[in-house]
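Colleague: So here's final-v3.cif (mmCIF, C-alpha atoms).
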```cif
data_target
#
loop_
_atom_site.label_atom_id
_atom_site.label_comp_id
_atom_site.auth_asym_id
_atom_site.auth_seq_id
_atom_site.Cartn_x
_atom_site.Cartn_y
_atom_site.Cartn_z
CA MET P 1 123.06 90.27 95.53
CA ILE P 2 119.27 89.95 96.09
CA SER P 3 116.65 90.62 93.44
CA VAL P 4 112.95 90.71 94.26
CA GLU P 5 110.82 90.70 91.10
CA HIS P 6 107.07 91.42 91.04
CA LEU P 7 106.54 89.61 94.33
CA THR P 8 102.91 89.09 95.37
CA LYS P 9 101.44 87.20 98.31
CA CYS P 10 97.66 87.04 98.68
CA TYR P 11 95.50 85.68 101.48
CA ASP P 12 92.23 84.96 99.70
CA THR P 13 91.73 88.32 97.94
CA PHE P 14 93.87 90.41 100.31
CA PRO P 15 97.35 91.27 98.93
CA ALA P 16 99.76 91.25 101.89
CA VAL P 17 102.56 91.88 99.38
CA ASP P 18 101.53 93.61 96.17
CA ASP P 19 103.78 93.44 93.05
CA LEU P 20 106.92 94.28 95.04
CA SER P 21 110.24 94.74 93.19
CA PHE P 22 113.66 95.95 94.38
CA GLU P 23 117.38 95.18 94.14
CA ILE P 24 119.77 94.78 97.09
CA GLY P 25 123.43 95.33 96.24
CA GLU P 26 126.56 93.95 97.86
CA GLY P 27 127.51 95.33 101.27
CA HIS P 28 125.87 98.07 103.36
CA VAL P 29 123.00 98.02 105.83
CA TYR P 30 119.50 98.23 104.38
CA GLY P 31 116.51 99.22 106.50
CA PHE P 32 113.11 97.75 105.67
CA LEU P 33 110.70 100.28 107.11
CA GLY P 34 106.94 100.21 107.48
CA PRO P 35 104.11 100.26 110.02
CA ASN P 36 102.81 97.06 111.60
CA GLY P 37 100.90 95.09 108.99
CA ALA P 38 102.71 96.69 106.04
CA GLY P 39 104.00 93.34 104.74
CA LYS P 40 107.58 93.43 106.02
CA SER P 41 107.63 90.03 107.74
CA THR P 42 105.75 88.37 104.89
CA THR P 43 108.30 89.71 102.40
CA MET P 44 111.24 88.57 104.53
CA ASN P 45 109.75 85.09 104.98
CA ILE P 46 109.39 84.79 101.21
CA MET P 47 112.91 86.14 100.58
CA THR P 48 114.36 83.46 102.87
CA GLY P 49 112.30 80.62 101.44
CA CYS P 50 110.21 80.14 104.59
CA LEU P 51 106.97 81.11 102.84
CA SER P 52 105.64 80.56 99.34
CA ALA P 53 104.63 83.42 97.04
CA THR P 54 101.46 83.80 95.02
CA SER P 55 103.55 85.09 92.12
CA GLY P 56 106.92 86.68 91.37
CA ARG P 57 110.37 85.43 92.27
CA VAL P 58 113.38 86.08 94.51
CA LEU P 59 116.94 85.61 93.28
CA ILE P 60 119.81 85.22 95.75
CA ASP P 61 123.11 85.61 93.91
CA GLY P 62 121.23 84.68 90.75
CA LEU P 63 119.68 81.56 92.35
CA ASP P 64 115.89 81.29 92.49
CA ILE P 65 114.88 80.76 96.13
CA PHE P 66 111.97 78.52 95.05
CA GLU P 67 113.66 76.51 92.30
CA ARG P 68 117.08 76.06 93.96
CA PRO P 69 116.28 76.57 97.67
CA LYS P 70 119.23 74.69 99.22
CA GLU P 71 121.86 76.58 97.24
CA ALA P 72 120.15 79.94 97.68
CA LYS P 73 119.58 79.52 101.43
CA ARG P 74 123.29 78.85 102.02
CA ARG P 75 123.89 82.48 101.07
CA ILE P 76 121.40 83.84 103.64
CA GLY P 77 121.39 84.05 107.41
CA TYR P 78 117.94 84.72 108.88
CA LEU P 79 116.67 85.85 112.27
CA PRO P 80 112.85 85.78 112.46
CA GLU P 81 111.00 88.17 114.75
CA GLN P 82 110.70 85.30 117.26
CA PRO P 83 114.21 83.72 117.47
CA PRO P 84 114.01 79.91 116.98
CA LEU P 85 115.89 79.05 120.18
CA TYR P 86 115.91 75.88 122.29
CA MET P 87 115.64 77.21 125.83
CA SER P 88 116.99 74.09 127.55
CA GLU P 89 120.30 74.29 125.68
CA THR P 90 123.29 76.57 126.11
CA PRO P 91 124.27 78.95 123.27
CA ALA P 92 127.27 76.70 122.47
CA GLU P 93 125.06 73.58 122.28
CA TYR P 94 122.40 75.32 120.23
CA LEU P 95 124.93 76.75 117.77
CA ARG P 96 126.52 73.32 117.34
CA PHE P 97 123.10 71.89 116.46
CA VAL P 98 122.39 74.70 113.96
CA GLY P 99 125.87 74.40 112.46
CA GLU P 100 125.43 70.67 111.90
CA ALA P 101 122.03 71.32 110.32
CA LYS P 102 123.80 73.70 107.92
CA GLY P 103 126.29 70.97 106.98
CA LEU P 104 129.28 72.07 109.06
CA ARG P 105 131.44 69.37 110.64
CA GLY P 106 134.62 68.88 112.66
CA ALA P 107 137.20 71.65 112.98
CA ALA P 108 135.30 73.89 110.55
CA LEU P 109 132.21 73.71 112.79
CA GLU P 110 134.15 74.49 115.98
CA HIS P 111 135.91 77.41 114.29
CA GLN P 112 132.59 78.81 113.06
CA ILE P 113 130.99 78.48 116.50
CA ASP P 114 133.86 80.34 118.17
CA SER P 115 133.76 82.99 115.43
CA VAL P 116 130.03 83.77 115.67
CA ILE P 117 130.11 83.71 119.49
CA GLU P 118 132.85 86.35 119.30
CA GLN P 119 130.99 88.43 116.68
CA ALA P 120 127.73 88.36 118.65
CA LYS P 121 129.59 89.07 121.91
CA ILE P 122 128.06 86.16 123.82
CA TRP P 123 131.32 84.53 124.95
CA ASP P 124 130.61 85.14 128.64
CA VAL P 125 127.23 83.37 128.46
CA ARG P 126 128.06 80.60 125.97
CA ASN P 127 127.70 77.86 128.61
CA ARG P 128 124.59 79.20 130.37
CA ARG P 129 121.09 77.93 129.64
CA ILE P 130 119.36 80.09 127.05
CA SER P 131 116.28 80.15 129.30
CA SER P 132 118.31 82.07 131.90
CA LEU P 133 119.49 84.78 129.48
CA SER P 134 117.99 88.22 129.07
CA LYS P 135 116.04 88.97 125.89
CA GLY P 136 118.95 91.04 124.59
CA TYR P 137 121.31 88.07 124.90
CA ARG P 138 118.74 85.77 123.32
CA GLN P 139 118.59 88.11 120.33
CA ARG P 140 122.38 87.92 120.12
CA VAL P 141 122.22 84.12 120.14
CA GLY P 142 119.66 84.34 117.33
CA ILE P 143 121.96 86.62 115.35
CA ALA P 144 124.86 84.22 116.00
CA GLN P 145 122.92 81.31 114.45
CA ALA P 146 122.17 83.50 111.42
CA LEU P 147 125.92 84.07 110.99
CA LEU P 148 126.81 80.36 110.94
CA GLY P 149 127.91 79.19 107.52
CA ASN P 150 129.31 82.65 106.73
CA PRO P 151 126.33 83.78 104.60
CA ARG P 152 126.77 86.79 102.34
CA ALA P 153 123.46 88.37 103.42
CA ILE P 154 121.98 88.64 106.92
CA ILE P 155 118.21 89.25 107.19
CA LEU P 156 116.90 90.35 110.59
CA ASP P 157 113.19 90.78 111.30
CA GLU P 158 112.54 93.37 114.03
CA PRO P 159 115.79 92.52 115.91
CA THR P 160 115.27 95.15 118.63
CA VAL P 161 111.57 94.60 119.38
CA GLY P 162 110.88 94.22 123.10
CA LEU P 163 114.39 95.19 124.21
CA ASP P 164 115.24 97.83 126.81
CA PRO P 165 117.12 101.00 125.72
CA ILE P 166 120.57 99.65 126.62
CA GLN P 167 119.94 96.38 124.78
CA ILE P 168 118.66 98.28 121.74
CA ILE P 169 121.87 100.31 121.56
CA GLU P 170 123.95 97.12 121.84
CA ILE P 171 122.05 95.38 119.02
CA ARG P 172 122.30 98.50 116.84
CA ASP P 173 126.07 98.56 117.36
CA LEU P 174 126.23 94.87 116.44
CA ILE P 175 124.26 95.49 113.22
CA ARG P 176 126.66 98.30 112.27
CA GLU P 177 129.62 95.96 112.78
CA LEU P 178 128.00 93.23 110.67
CA GLY P 179 127.43 95.77 107.91
CA ARG P 180 131.21 96.03 107.42
CA THR P 181 131.49 92.39 106.31
CA HIS P 182 127.97 91.40 105.20
CA THR P 183 124.95 92.72 103.39
CA VAL P 184 122.47 93.34 106.22
CA ILE P 185 118.73 93.83 105.78
CA PHE P 186 116.68 94.48 108.88
CA SER P 187 113.06 95.47 109.36
CA SER P 188 111.70 97.96 111.85
CA HIS P 189 108.81 100.32 112.38
CA ILE P 190 111.03 102.64 114.47
CA LEU P 191 112.08 105.49 112.19
CA SER P 192 114.91 106.82 114.33
CA GLU P 193 116.45 103.36 114.50
CA VAL P 194 116.48 102.95 110.72
CA GLN P 195 117.76 106.49 110.21
CA THR P 196 120.64 105.91 112.65
CA ILE P 197 121.91 102.60 111.27
CA CYS P 198 121.10 102.32 107.58
CA ASP P 199 122.86 103.31 104.38
CA GLN P 200 119.72 102.69 102.31
CA ILE P 201 116.04 102.63 103.29
CA LEU P 202 113.18 100.71 101.72
CA MET P 203 109.78 102.04 102.75
CA ILE P 204 106.79 99.72 102.37
CA SER P 205 103.13 100.50 102.93
CA ARG P 206 100.17 98.19 102.28
CA GLY P 207 102.46 95.69 100.62
CA LYS P 208 103.84 98.17 98.11
CA LEU P 209 107.27 99.77 97.90
CA VAL P 210 106.79 103.53 98.26
CA ALA P 211 110.45 104.64 98.46
CA PHE P 212 114.00 103.28 98.21
CA ASP P 213 116.87 105.72 98.76
CA GLU P 214 119.45 107.06 101.20
CA PRO P 215 117.96 108.68 104.34
CA GLY P 216 119.28 112.13 103.45
CA ASN P 217 117.91 111.98 99.91
CA LEU P 218 114.49 110.95 101.14
CA GLU P 219 114.36 113.97 103.41
CA LYS P 220 115.52 116.35 100.68
CA GLN P 221 113.56 115.03 97.72
CA LEU P 222 110.23 113.94 99.11
CA LEU P 223 109.42 116.84 101.42
CA THR P 224 110.39 120.41 100.65
CA SER P 225 107.94 122.05 103.04
CA SER P 226 109.55 123.13 106.31
CA GLU P 227 108.59 125.15 109.36
CA LEU P 228 109.93 127.92 111.53
CA ILE P 229 108.62 128.32 115.06
CA LEU P 230 109.10 131.74 116.62
CA THR P 231 108.10 133.44 119.86
CA THR P 232 107.76 137.20 120.37
CA GLU P 233 105.99 139.81 122.51
CA MET P 234 104.62 141.61 119.44
CA ASP P 235 100.89 142.19 119.21
CA GLY P 236 99.03 139.43 117.34
CA ASP P 237 97.65 141.58 114.53
CA GLU P 238 100.97 143.34 114.07
CA LEU P 239 102.78 139.97 113.97
CA SER P 240 100.41 138.63 111.32
CA GLY P 241 100.94 141.75 109.22
CA LEU P 242 104.73 141.49 109.53
CA LEU P 243 104.79 137.82 108.53
CA ALA P 244 102.46 138.46 105.59
CA GLY P 245 105.02 140.85 104.16
CA ILE P 246 107.91 138.37 104.22
CA GLU P 247 108.71 136.60 100.97
CA PHE P 248 108.64 132.77 100.83
CA ILE P 249 106.17 132.37 103.71
CA SER P 250 103.22 130.29 102.53
CA ALA P 251 101.22 130.13 105.79
CA ALA P 252 101.41 131.19 109.43
CA GLU P 253 99.46 130.23 112.54
CA THR P 254 99.70 132.22 115.77
CA GLU P 255 98.65 131.43 119.32
CA LYS P 256 99.07 133.00 122.73
CA SER P 257 101.71 131.22 124.84
CA GLY P 258 101.30 133.09 128.16
CA GLY P 259 103.12 136.00 129.73
CA GLY P 260 102.09 138.30 126.91
CA ARG P 261 104.04 136.21 124.40
CA ILE P 262 102.81 134.87 121.08
CA THR P 263 104.12 131.79 119.24
CA ALA P 264 103.84 131.50 115.48
CA ARG P 265 104.31 128.42 113.30
CA VAL P 266 105.48 129.60 109.91
CA ARG P 267 105.47 127.27 106.90
CA THR P 268 107.51 127.70 103.76
CA ASP P 269 108.00 125.81 100.49
CA HIS P 270 111.33 127.49 99.81
CA SER P 271 114.22 125.05 99.31
CA ASP P 272 116.55 126.97 101.65
CA ILE P 273 114.96 127.33 105.07
CA TYR P 274 117.96 129.35 106.27
CA GLU P 275 117.22 132.06 103.73
CA VAL P 276 113.67 132.28 105.07
CA SER P 277 115.01 132.42 108.63
CA ARG P 278 117.31 135.29 107.64
CA ALA P 279 114.37 137.21 106.14
CA VAL P 280 112.31 136.72 109.32
CA PHE P 281 115.16 137.84 111.56
CA CYS P 282 115.81 140.96 109.46
CA ALA P 283 112.10 141.88 109.42
CA PHE P 284 111.95 141.78 113.22
CA ALA P 285 115.22 143.72 113.52
CA ALA P 286 113.86 146.43 111.22
CA LYS P 287 110.83 146.79 113.51
CA GLY P 288 113.04 146.90 116.58
CA VAL P 289 111.12 143.99 118.16
CA PRO P 290 113.12 141.15 119.70
CA LEU P 291 112.68 137.55 118.70
CA LEU P 292 112.56 135.58 121.95
CA GLU P 293 112.89 132.26 120.12
CA LEU P 294 113.42 131.12 116.55
CA THR P 295 113.54 127.38 115.81
CA LEU P 296 113.95 125.68 112.45
CA LYS P 297 112.01 122.48 111.91
CA LYS P 298 113.26 120.69 108.81
CA ALA P 299 111.58 117.71 107.23
CA SER P 300 112.39 114.50 109.11
CA LEU P 301 112.34 110.88 108.03
CA GLU P 302 109.11 110.49 109.99
CA ASP P 303 107.49 113.30 107.99
CA VAL P 304 108.60 111.62 104.78
CA PHE P 305 107.17 108.28 105.78
CA LEU P 306 103.85 109.72 106.94
CA GLU P 307 103.45 111.53 103.63
CA LEU P 308 104.29 108.43 101.61
CA ALA P 309 102.07 106.19 103.73
CA ASP P 310 99.17 108.65 103.34
CA ASP P 311 99.66 108.67 99.57
CA SER P 312 99.68 104.86 99.55
CA ALA P 313 96.54 104.72 101.69
CA GLU P 314 94.71 107.03 99.29
CA ALA P 315 95.83 104.95 96.31
CA GLY P 316 94.65 101.77 98.06
CA ALA P 317 91.24 103.08 99.12
CA GLY P 318 88.91 100.17 99.65
CA VAL P 319 91.70 97.72 100.50
CA PRO P 320 91.40 96.25 104.02
CA PRO P 321 93.88 98.11 106.29
CA ASP P 322 94.59 95.15 108.51
CA GLY P 323 96.78 92.12 107.89
CA PRO P 324 95.61 88.56 107.35
CA THR P 325 92.77 87.17 109.42
CA GLU P 326 93.22 84.29 111.82
CA SER P 327 92.27 81.77 109.09
CA GLU P 328 94.72 83.43 106.72
CA SER P 329 97.46 83.17 109.34
CA GLU P 330 96.78 79.44 109.45
CA VAL P 331 97.41 79.34 105.69
CA ASP P 332 100.67 81.21 106.37
CA GLU P 333 101.73 78.56 108.91
CA HIS P 334 100.79 75.80 106.45
CA ASP P 335 103.05 77.40 103.85
CA ARG P 336 105.92 77.43 106.32
CA ASP P 337 105.39 73.77 107.07
CA LEU P 338 105.48 72.93 103.37
CA GLU P 339 108.69 74.89 102.87
CA ALA P 340 110.47 73.45 105.93
#
```
Could you quickly redo this structure as structure tokens?
Modeller:
Amino acid sequence: MISVEHLTKCYDTFPAVDDLSFEIGEGHVYGFLGPNGAGKSTTMNIMTGCLSATSGRVLIDGLDIFERPKEAKRRIGYLPEQPPLYMSETPAEYLRFVGEAKGLRGAALEHQIDSVIEQAKIWDVRNRRISSLSKGYRQRVGIAQALLGNPRAIILDEPTVGLDPIQIIEIRDLIRELGRTHTVIFSSHILSEVQTICDQILMISRGKLVAFDEPGNLEKQLLTSSELILTTEMDGDELSGLLAGIEFISAAETEKSGGGRITARVRTDHSDIYEVSRAVFCAFAAKGVPLLELTLKKASLEDVFLELADDSAEAGAGVPPDGPTESESEVDEHDRDLEA
């Protein structure tokens, strides 16, 4: 569906996107994950033809976004981080304008407007001024305009940024629904959000792709180290001696937690944390000392990302950590103007 091949975007000598390549298949929801300044928005702007690339290419259904932009863009719906809304218009008026700009006319246009209003669940506010709508509804209007023309792929840049918790849940539910009928790519720096919604995750750091897999596989394959946290009333030296005698434990840290209790953080590289937990429980039972608490902490998506981002940072030592400067941002805006 979408092929990104050796994509690079430089601002002077700074590579905002650095030799990035990946393939997006038909259907599913893809999460584009990375910290602020990682290159997510730059990549999305290039993928949608809103920004030029220094080198590389993007194919949409086999169409080069730079060589055949009109044909390629018909297959994409795009919501930038700042929705391009006209505040003085109503959602219905604004969608009619966008639909006409996309080449829709007559009955086909009216049908499309009604369809996207229904999909985005903005029917009740379709005749209210956009300026009077909450940010959550404005995001929905932005998503509705991305759906006009029935594009095969929907690209959403930080669609939940700045929303309250209820609005975030509503937008997440909407993205899940869109994933049943479209290929959806959305960017975020919120790990739990990506983990909840996505079938596949692309992780980007310093303009480079550092991982592309299902959330569960990333957790299993990229971090094997896990922790157990336990609390007991055993003496500190005796606890350290007991833990040292348990197989699979690679390290343990103990600290007093008040009331005569001690908490220990136990790390293991064993692939089955439950087997380690069983060994710990049996060792305490053999001593006749109760375990007041035993908690398993398995590798999370956040752990995976932090490890990958650290590896990327070490590999890119000497590269400026921040995004483009103010002058470089002006170049970015100039590119957009040229592509418009």
Colleague: List as a ChimeraX atom specification: which residues have an atom within 12 Å of (116.4, 95.4, 110.8), counting all atoms listed in the file?
Modeller: /P:29-34,40-41,44,78-81,143,154-161,168,171-172,174-176,178-179,183-191,193-198,200-202
Colleague: Could you state which residues are captured by the PyMOL selection byres ((chain P and resi 249) around 7) in this file, as a PyMOL selection string?
Modeller: chain P and resi 246-248+250-251+266-268
Colleague: List as a compact mmCIF listing (two decimals) with C-alpha atoms, in the frame of the given file the protein and nucleic acid residues near stretch 240-245 of chain P, meaning an atom at most 12 Å away when only C-alpha atoms are counted, but skip any in the same chain fewer than 3 places from it.
Modeller:
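Saved as part_38.txt:
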```
# COMPACT_ATOMS: atom_id res chain seq x y z
CA LEU P 228 109.93 127.92 111.53
CA LEU P 230 109.10 131.74 116.62
CA THR P 232 107.76 137.20 120.37
CA MET P 234 104.62 141.61 119.44
CA ASP P 235 100.89 142.19 119.21
CA GLY P 236 99.03 139.43 117.34
CA ASP P 237 97.65 141.58 114.53
CA PHE P 248 108.64 132.77 100.83
CA ILE P 249 106.17 132.37 103.71
CA SER P 250 103.22 130.29 102.53
CA ALA P 251 101.22 130.13 105.79
CA ALA P 252 101.41 131.19 109.43
CA GLU P 253 99.46 130.23 112.54
CA THR P 254 99.70 132.22 115.77
CA GLU P 255 98.65 131.43 119.32
CA ILE P 262 102.81 134.87 121.08
CA THR P 263 104.12 131.79 119.24
CA ALA P 264 103.84 131.50 115.48
CA ARG P 265 104.31 128.42 113.30
CA VAL P 266 105.48 129.60 109.91
CA ARG P 267 105.47 127.27 106.90
CA THR P 268 107.51 127.70 103.76
CA VAL P 276 113.67 132.28 105.07
CA SER P 277 115.01 132.42 108.63
CA ALA P 279 114.37 137.21 106.14
CA VAL P 280 112.31 136.72 109.32
CA PHE P 281 115.16 137.84 111.56
CA CYS P 282 115.81 140.96 109.46
CA ALA P 283 112.10 141.88 109.42
CA PHE P 284 111.95 141.78 113.22
CA ALA P 285 115.22 143.72 113.52
CA ALA P 286 113.86 146.43 111.22
CA LYS P 287 110.83 146.79 113.51
CA VAL P 289 111.12 143.99 118.16
```
Colleague: Using Å and a single decimal, report how far atom CA of P:Arg68 sits from atom CA of P:Phe14.
Modeller: 28.0 Å
Colleague: So how far away is atom CA of P:Pro35 from atom CA of P:Arg206, in Å?
Modeller: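 About the pair atom CA of P:Arg206 and atom CA of P:Pro35: they are 8.9 Å apart.
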Colleague: Of the candidates P:Leu209, P:Ile113, P:Ile229, P:Leu163, which shows the shortest atom-to-atom distance to P:Leu296, using only C-alpha atoms?
Modeller: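 Between P:Leu209, P:Ile113, P:Ile229, P:Leu163, the residue approaching P:Leu296 most closely is P:Ile229.
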Colleague: Quick one: pull the distance between atom CA of P:Arg180 and atom CA of P:Ile60, Å, one decimal.
Modeller: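 Distance reported for this atom pair: 19.6 Å.
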Colleague: Take the PyMOL selection byres ((chain P and resi 119-131) around 8), run it mentally on this structure, and tell me the resulting residues as a list in words.
Modeller: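 Applying the expression gives Leu85, Tyr86, Met87, Ser88, Glu89, Thr90, Pro91, Ala92, Ser115, Val116, Ile117, Glu118, Ser132, Leu133, Tyr137, Arg138, Arg140, Val141, Ile143, Ala144 and Leu174 of chain P.
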Colleague: From the set P:Val17, P:Ile24, P:Ile204, P:Ala72, which residue has the shortest atom-to-atom contact distance to P:Thr54, counting all atoms listed in the file?
Modeller: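 Closest candidate: P:Val17.
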Colleague: My list of candidates is P:His182, P:Pro84, P:Pro15, P:Ser134. Which is closest to P:Ser205 when distances are computed with all atoms listed in the file?
Modeller: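 Once distances to P:Ser205 are computed over all atoms listed in the file, the minimum belongs to P:Pro15.
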